[in-house]
Every structure is written in structure tokens, then in C-alpha cells.
$ cat input30.cif   # mmCIF, C-alpha atoms
data_query
#
loop_
_atom_site.label_atom_id
_atom_site.label_comp_id
_atom_site.auth_asym_id
_atom_site.auth_seq_id
_atom_site.Cartn_x
_atom_site.Cartn_y
_atom_site.Cartn_z
CA MET A 18 -22.02 7.46 -62.18
CA THR A 19 -21.94 7.15 -58.40
CA PHE A 20 -18.46 6.27 -57.11
CA LEU A 21 -18.53 2.79 -55.59
CA ASP A 22 -15.65 1.27 -53.64
CA ASP A 23 -15.68 -2.40 -52.57
CA LEU A 24 -11.95 -2.62 -51.89
CA THR A 25 -12.31 -3.18 -48.14
CA LEU A 26 -14.81 -6.01 -48.72
CA VAL A 27 -12.53 -7.57 -51.32
CA LEU A 28 -9.58 -7.47 -48.94
CA ASP A 29 -11.72 -9.09 -46.24
CA LEU A 30 -12.58 -11.88 -48.67
CA LEU A 31 -8.91 -12.31 -49.64
CA VAL A 32 -8.01 -12.77 -45.98
CA LEU A 33 -10.76 -15.40 -45.73
CA VAL A 34 -9.36 -17.14 -48.82
CA SER A 35 -5.93 -17.29 -47.20
CA VAL A 36 -7.37 -18.65 -43.97
CA ALA A 37 -9.47 -21.26 -45.80
CA VAL A 38 -6.56 -22.45 -47.96
CA PHE A 39 -4.18 -22.67 -45.00
CA TYR A 40 -6.67 -24.39 -42.71
CA THR A 41 -7.66 -26.91 -45.38
CA GLY A 42 -4.08 -27.59 -46.42
CA MET A 43 -2.90 -27.96 -42.83
CA TRP A 44 -5.53 -30.59 -41.96
CA VAL A 45 -5.03 -32.51 -45.20
CA TRP A 46 -1.28 -32.56 -44.56
CA ILE A 47 -1.73 -33.67 -40.94
CA GLU A 48 -4.11 -36.49 -41.86
CA MET A 49 -1.84 -37.67 -44.67
CA ARG A 50 1.08 -37.85 -42.26
CA ARG A 51 -1.15 -39.95 -40.01
CA ASN A 52 -1.88 -42.22 -42.99
CA ASP A 53 -5.59 -41.42 -42.75
CA ARG A 54 -6.30 -40.71 -46.43
CA ALA A 55 -10.07 -40.98 -46.03
CA ARG A 56 -10.17 -38.22 -43.43
CA ALA A 57 -7.75 -36.11 -45.46
CA TYR A 58 -10.02 -36.39 -48.49
CA THR A 59 -13.06 -35.45 -46.42
CA HIS A 60 -11.27 -32.34 -45.14
CA LEU A 61 -10.24 -31.53 -48.69
CA ARG A 62 -13.82 -31.71 -49.97
CA GLY A 63 -15.05 -29.48 -47.15
CA GLY A 64 -12.34 -26.91 -47.80
CA ALA A 65 -12.96 -27.02 -51.55
CA LEU A 66 -16.64 -26.25 -51.00
CA LEU A 67 -15.71 -23.22 -48.89
CA LEU A 68 -13.13 -22.00 -51.42
CA GLY A 69 -15.60 -22.43 -54.26
CA ALA A 70 -18.16 -20.35 -52.36
CA LEU A 71 -15.59 -17.60 -51.76
CA GLY A 72 -14.73 -17.78 -55.45
CA VAL A 73 -18.36 -17.25 -56.40
CA VAL A 74 -18.61 -14.14 -54.21
CA LEU A 75 -15.32 -12.73 -55.50
CA GLY A 76 -16.30 -13.64 -59.05
CA ALA A 77 -19.62 -11.83 -58.77
CA ILE A 78 -17.85 -8.67 -57.59
CA ALA A 79 -15.17 -9.04 -60.25
CA ILE A 80 -17.53 -9.57 -63.18
CA TRP A 81 -19.74 -6.71 -62.01
CA GLY A 82 -16.63 -4.52 -61.88
CA GLU A 83 -15.45 -5.63 -65.31
CA PHE A 84 -18.77 -4.61 -66.87
CA THR A 85 -19.51 -1.43 -64.91
CA TRP A 86 -16.07 0.01 -64.07
CA PRO A 87 -17.36 1.44 -60.77
CA LEU A 88 -14.09 3.16 -59.84
CA SER A 89 -14.87 6.20 -61.94
CA VAL A 90 -13.85 9.82 -61.46
CA ILE A 91 -14.10 11.98 -64.59
CA GLY A 92 -11.37 14.59 -64.95
CA SER A 93 -11.61 18.02 -66.50
CA ASP A 94 -10.59 16.58 -69.87
CA GLY A 95 -13.42 14.03 -69.77
CA SER A 96 -11.18 11.03 -69.09
CA ASN A 97 -11.72 8.52 -66.28
CA VAL A 98 -8.73 9.07 -63.99
CA LEU A 99 -9.42 5.84 -62.08
CA ALA A 100 -9.81 3.54 -65.09
CA SER A 101 -6.44 1.90 -64.41
CA TYR A 102 -7.68 0.84 -60.98
CA ASP A 103 -10.64 -0.98 -62.49
CA LEU A 104 -8.28 -2.94 -64.72
CA LEU A 105 -5.78 -3.62 -61.94
CA PHE A 106 -8.20 -4.94 -59.34
CA PHE A 107 -11.07 -6.49 -61.30
CA ASP A 108 -8.89 -8.30 -63.85
CA SER A 109 -6.91 -9.92 -61.04
CA LEU A 110 -10.02 -10.75 -59.03
CA THR A 111 -11.63 -12.43 -62.03
CA LEU A 112 -8.60 -14.67 -62.51
CA LEU A 113 -8.43 -15.54 -58.81
CA ALA A 114 -12.15 -16.32 -58.69
CA PHE A 115 -11.76 -18.58 -61.72
CA LEU A 116 -9.07 -20.60 -59.92
CA LEU A 117 -11.09 -20.94 -56.71
CA ILE A 118 -14.27 -22.04 -58.49
CA ALA A 119 -12.40 -24.41 -60.81
CA PHE A 120 -10.64 -26.05 -57.85
CA GLY A 121 -13.87 -26.42 -55.92
CA VAL A 122 -15.63 -27.99 -58.92
CA ALA A 123 -12.71 -30.34 -59.64
CA ILE A 124 -12.68 -31.64 -56.07
CA ARG A 125 -16.44 -32.06 -55.82
CA LEU A 126 -16.62 -33.88 -59.17
CA ARG A 127 -13.46 -35.92 -58.52
CA LEU A 128 -11.68 -34.52 -61.54
CA PRO A 129 -7.92 -33.93 -61.86
CA THR A 130 -6.86 -30.76 -60.06
CA HIS A 131 -3.42 -30.44 -61.67
CA PHE A 132 -5.09 -28.70 -64.65
CA VAL A 133 -6.20 -26.00 -62.20
CA GLY A 134 -2.66 -25.86 -60.80
CA MET A 135 -1.22 -25.44 -64.30
CA MET A 136 -3.57 -22.53 -64.89
CA GLY A 137 -2.54 -21.20 -61.49
CA VAL A 138 1.07 -20.88 -62.68
CA ILE A 139 0.07 -18.74 -65.66
CA ILE A 140 -2.43 -16.69 -63.68
CA GLY A 141 0.06 -16.20 -60.85
CA LEU A 142 2.67 -14.84 -63.23
CA GLY A 143 0.05 -12.50 -64.67
CA ILE A 144 -1.00 -11.23 -61.24
CA ILE A 145 2.63 -10.60 -60.29
CA TYR A 146 3.08 -8.62 -63.49
CA TYR A 147 -0.05 -6.56 -62.73
CA GLY A 148 1.36 -5.76 -59.31
CA TYR A 149 4.77 -4.87 -60.71
CA ARG A 150 3.26 -2.48 -63.26
CA ALA A 151 1.06 -0.91 -60.61
CA TYR A 152 4.17 -0.34 -58.49
CA THR A 153 6.22 1.17 -61.30
CA LEU A 154 3.31 3.45 -62.25
CA SER A 155 2.56 4.31 -58.58
CA LEU A 156 -1.13 3.67 -59.19
CA THR A 157 -2.18 3.56 -55.54
CA LEU A 158 -1.45 5.62 -52.46
CA ASP A 159 0.28 2.54 -51.00
CA PRO A 160 2.37 1.22 -53.93
CA LEU A 161 4.60 -1.05 -51.83
CA GLU A 162 1.67 -2.61 -49.97
CA THR A 163 -0.13 -3.12 -53.28
CA LEU A 164 2.96 -4.78 -54.76
CA LEU A 165 3.29 -7.12 -51.78
CA LEU A 166 -0.39 -8.05 -52.03
CA PHE A 167 -0.10 -8.98 -55.70
CA LEU A 168 3.23 -10.74 -55.19
CA GLY A 169 1.75 -12.76 -52.34
CA PHE A 170 -1.33 -14.03 -54.14
CA GLY A 171 0.57 -14.48 -57.39
CA ALA A 172 3.10 -16.68 -55.59
CA VAL A 173 0.27 -18.69 -53.98
CA ALA A 174 -1.29 -19.29 -57.40
CA ILE A 175 2.05 -20.52 -58.76
CA GLY A 176 2.65 -22.67 -55.68
CA SER A 177 -0.73 -24.31 -56.13
CA TYR A 178 0.66 -26.46 -58.95
CA PRO A 179 2.76 -28.84 -56.80
CA ALA A 180 -0.05 -28.84 -54.23
CA THR A 181 -2.55 -30.03 -56.85
CA LEU A 182 -0.10 -32.68 -58.05
CA TYR A 183 0.14 -33.93 -54.48
CA ILE A 184 -3.65 -34.05 -54.25
CA ASP A 185 -4.01 -35.97 -57.52
CA TRP A 186 -1.24 -38.44 -56.80
CA PHE A 187 -1.58 -39.15 -53.10
CA VAL A 188 -4.89 -37.86 -51.68
CA VAL A 189 -7.45 -38.56 -54.41
CA GLY A 190 -5.53 -40.73 -56.88
CA PRO A 191 -5.41 -43.95 -54.82
CA GLU A 192 -9.21 -43.87 -54.45
CA VAL A 193 -10.22 -42.45 -57.83
CA PRO A 194 -8.55 -44.18 -60.81
CA ASN A 195 -7.06 -42.06 -63.60
CA VAL A 196 -7.10 -38.78 -61.64
CA ASP A 197 -3.32 -38.76 -61.26
CA PRO A 198 -1.20 -37.50 -64.19
CA PHE A 199 0.48 -40.91 -64.47
CA PRO A 200 0.54 -43.97 -62.20
CA THR A 201 2.81 -43.85 -59.16
CA ASP A 202 3.08 -45.29 -55.68
CA PRO A 203 0.19 -44.48 -53.31
CA LYS A 204 2.73 -42.88 -50.96
CA PRO A 205 5.38 -40.30 -51.94
CA ARG A 206 8.74 -41.77 -52.90
CA GLU A 207 10.40 -38.54 -51.78
CA PRO A 208 8.48 -37.51 -48.64
CA LEU A 209 11.03 -34.85 -47.66
CA MET A 210 10.71 -33.11 -51.03
CA TRP A 211 6.90 -33.10 -50.81
CA ASN A 212 6.98 -31.86 -47.22
CA LEU A 213 9.23 -28.99 -48.29
CA LEU A 214 7.00 -28.11 -51.25
CA LEU A 215 3.79 -28.24 -49.22
CA GLY A 216 5.39 -26.37 -46.33
CA LEU A 217 6.56 -23.65 -48.72
CA PHE A 218 3.08 -23.43 -50.24
CA LEU A 219 1.47 -22.98 -46.82
CA LEU A 220 4.09 -20.37 -45.92
CA LEU A 221 3.25 -18.44 -49.09
CA VAL A 222 -0.44 -18.60 -48.14
CA VAL A 223 0.34 -17.15 -44.71
CA LEU A 224 2.45 -14.35 -46.20
CA ALA A 225 -0.27 -13.51 -48.74
CA GLY A 226 -2.85 -13.40 -45.94
CA ILE A 227 -0.62 -11.09 -43.90
CA ALA A 228 -0.17 -8.81 -46.92
CA ALA A 229 -3.95 -8.64 -47.40
CA LEU A 230 -4.47 -8.08 -43.67
CA PHE A 231 -2.06 -5.16 -43.41
CA TYR A 232 -3.27 -3.63 -46.64
CA GLY A 233 -6.80 -4.04 -45.33
CA PHE A 234 -5.98 -2.26 -42.08
CA ASP A 235 -4.58 0.73 -43.98
CA THR A 236 -7.42 0.77 -46.48
CA ALA A 237 -10.23 0.24 -43.99
CA TRP A 238 -8.87 2.99 -41.73
CA ALA A 239 -8.57 5.45 -44.62
CA HIS A 240 -11.88 4.53 -46.26
CA LEU A 241 -13.89 4.52 -43.05
CA ALA A 242 -12.42 7.88 -42.08
CA ALA A 243 -13.17 9.42 -45.49
CA PRO A 244 -15.70 7.37 -47.44
CA PRO A 245 -16.43 8.34 -51.08
#
$ encode --input "input30.cif" --output "C-alpha cells"
Amino acid sequence: MTFLDDLTLVLDLLVLVSVAVFYTGMWVWIEMRRNDRARAYTHLRGGALLLGALGVVLGAIAIWGEFTWPLSVIGSDGSNVLASYDLLFFDSLTLLAFLLIAFGVAIRLRLPTHFVGMMGVIIGLGIIYYGYRAYTLSLTLDPLETLLLFLGFGAVAIGSYPATLYIDWFVVGPEVPNVDPFPTDPKPREPLMWNLLLGLFLLLVVLAGIAALFYGFDTAWAHLAAPP
């Protein structure tokens, strides 16, 4: 089988995911602080469409990788010495793509998003574990950078849960009945707590984007200098 390597493209897409999440979240937060819920919801729907599209592209790459295992180099004993890399990257990409598409669909169809956030917690823990095992096994040439990448996006997935609760309670809930987990005031009773949670989530998104960016610089430089 011809050796195929889409890692640089995947890292580019992960940077775009970070940018799209941060940009969408920032504008939704700003408009909510201005008490303009209608504009916040419009920004949210636009960002969700973009994230869903990125999820489709990442999902197509991930599913293709899951079925074909393109990272394949056969050793002298007949074993695939890169099989672990297929599992590491394509498993994680499939889970991330699932979250992005599910969030985009939930927003477009005006469905509760906290179900997606709940799945994000489980998926985030799984991605962090993948990264930890890759680090302990030294699977890549840049084990620390790989660990930081997986930690970053795993933390973002976990942090998406309070963000989706905020969306269901305060952005969409007042306009769409029964989206929120249970009835509450149309404005947060603890605005400081929510500002801290949302601020932390956006910080995690920035850190994950930086991890993908720096890993991408290393990878793109090495892969462009010596392509397979």
C-alpha cells in the first residue's frame, strides 16, 4: 500500500476548529453581555454551521483512515510498524468530528446541546488518555508536543459541557421552550461564575489552538522537507 500522510492537513483543520470555536464563543459572549440575545443566537447558528462543516471534513478523513489504515510501513517480520499511529490519530479524529457535527446539527435543529456537552466530557477524557499513552509509549518523534495537543483538545471537549449548558439555558432556552435542562431565569443568577467558566473555556480553546499550531509548524517543516 502506498504510504499516505494527511497529518499536516489535519493539523491545519484543528487550528481552524480552534479559531472557529473561539470566534463564535467570543461574539456570543459579547452579545449576551450587551443583552442582545437575538444577535448572539444568530452568531451561534453561523458558527455552528462552520463547525459542522469542519466536522464533516475531519470525519471524512477519520473514517477513511479507520477503514484503510493509510499509515502503513511493513517491517521485516511482516507487521505494520505504524499501526499504533492509525489508532492514535484516526480514533481521536472520529470522536472529535462526531462532537462537531452533533453540535452543528443540534444548533441548526434547535435541539438541546447539553447532550453533546455530556458526550464531550467522556470523549475529552478518552482523548487525554490516548495522548497520555502515546507519550508513555513515545509513539511519535515529538512526544511532548503530541501530549500537549491531545491534552488541549481533550480539555476543550470537557469544557464544552458548561458552555452547552449556558447555550441551552440563556442563549437558546428563552426563545425555544424545553431546550434547557430545567426551567431557570432567562439571565444567569451567578454571572461571575458563568463568566469564569466561559472565560476558562475560551482560554482552553486558545491553548489547544496554540498546541496544534506549534505541532503543525514542526510537522509541516519536517514533512515538506522529507515527504513520504
$ closest_residue --input "input30.cif" --among "A:Pro205, A:Gly171, A:Gly63, A:Pro191" --to "Leu224 in chain A" --atoms "all atoms listed in the file"
A:Gly171
$ atom_distance --input "input30.cif" --atom1 "CA of Ala172 in chain A" --atom2 "CA of Ala225 in chain A"
8.3 Å
$ residues_around --input "input30.cif" --residues "Pro208 in chain A" --least-positions-apart "5" --cutoff "10 Å" --atoms "only C-alpha atoms" --output "ChimeraX atom specification"
/A:50,213-214
$ resolve_selection --input "input30.cif" --expression "the PyMOL selection byres ((chain A and resi 232) around 10)" --output "list in words"
Thr25, Leu28, Asp159, Leu161, Glu162, Thr163, Leu165, Leu166, Gly226, Ile227, Ala228, Ala229, Leu230, Phe231, Gly233, Phe234, Asp235, Thr236, Ala237 and Trp238 of chain A
$ closest_atom_pairs --input "input30.cif" --of "range 19-127 of chain A" --to "range 182-187 of chain A" --cutoff "10 Å" --atoms "all atoms listed in the file" --output "tab-separated table"
residue	atom	partner	partner_atom	distance
A:Val45	CA	A:Ile184	CA	9.3
A:Met49	CA	A:Phe187	CA	8.6
A:Arg54	CA	A:Phe187	CA	8.3
A:Ala57	CA	A:Ile184	CA	9.9
A:Tyr58	CA	A:Ile184	CA	8.9
A:Leu61	CA	A:Ile184	CA	9.0
A:Ile124	CA	A:Ile184	CA	9.5
A:Arg127	CA	A:Asp185	CA	9.5
$ write_last_selection --input "input30.cif" --atoms "C-alpha atoms" --output "PDB file, in the coordinates of the input"
ATOM      1  CA  VAL A  45      -5.030 -32.510 -45.200  1.00  0.00           C
ATOM      2  CA  MET A  49      -1.840 -37.670 -44.670  1.00  0.00           C
ATOM      3  CA  ARG A  54      -6.300 -40.710 -46.430  1.00  0.00           C
ATOM      4  CA  ALA A  57      -7.750 -36.110 -45.460  1.00  0.00           C
ATOM      5  CA  TYR A  58     -10.020 -36.390 -48.490  1.00  0.00           C
ATOM      6  CA  LEU A  61     -10.240 -31.530 -48.690  1.00  0.00           C
ATOM      7  CA  ILE A 124     -12.680 -31.640 -56.070  1.00  0.00           C
ATOM      8  CA  ARG A 127     -13.460 -35.920 -58.520  1.00  0.00           C
TER       9      ARG A 127
END
$ resolve_selection --input "input30.cif" --expression "the PyMOL selection byres ((chain A and resi 114) around 8)" --output "JSON, numbers by chain"
{"A": [71, 72, 73, 75, 76, 110, 111, 112, 113, 115, 116, 117, 118]}
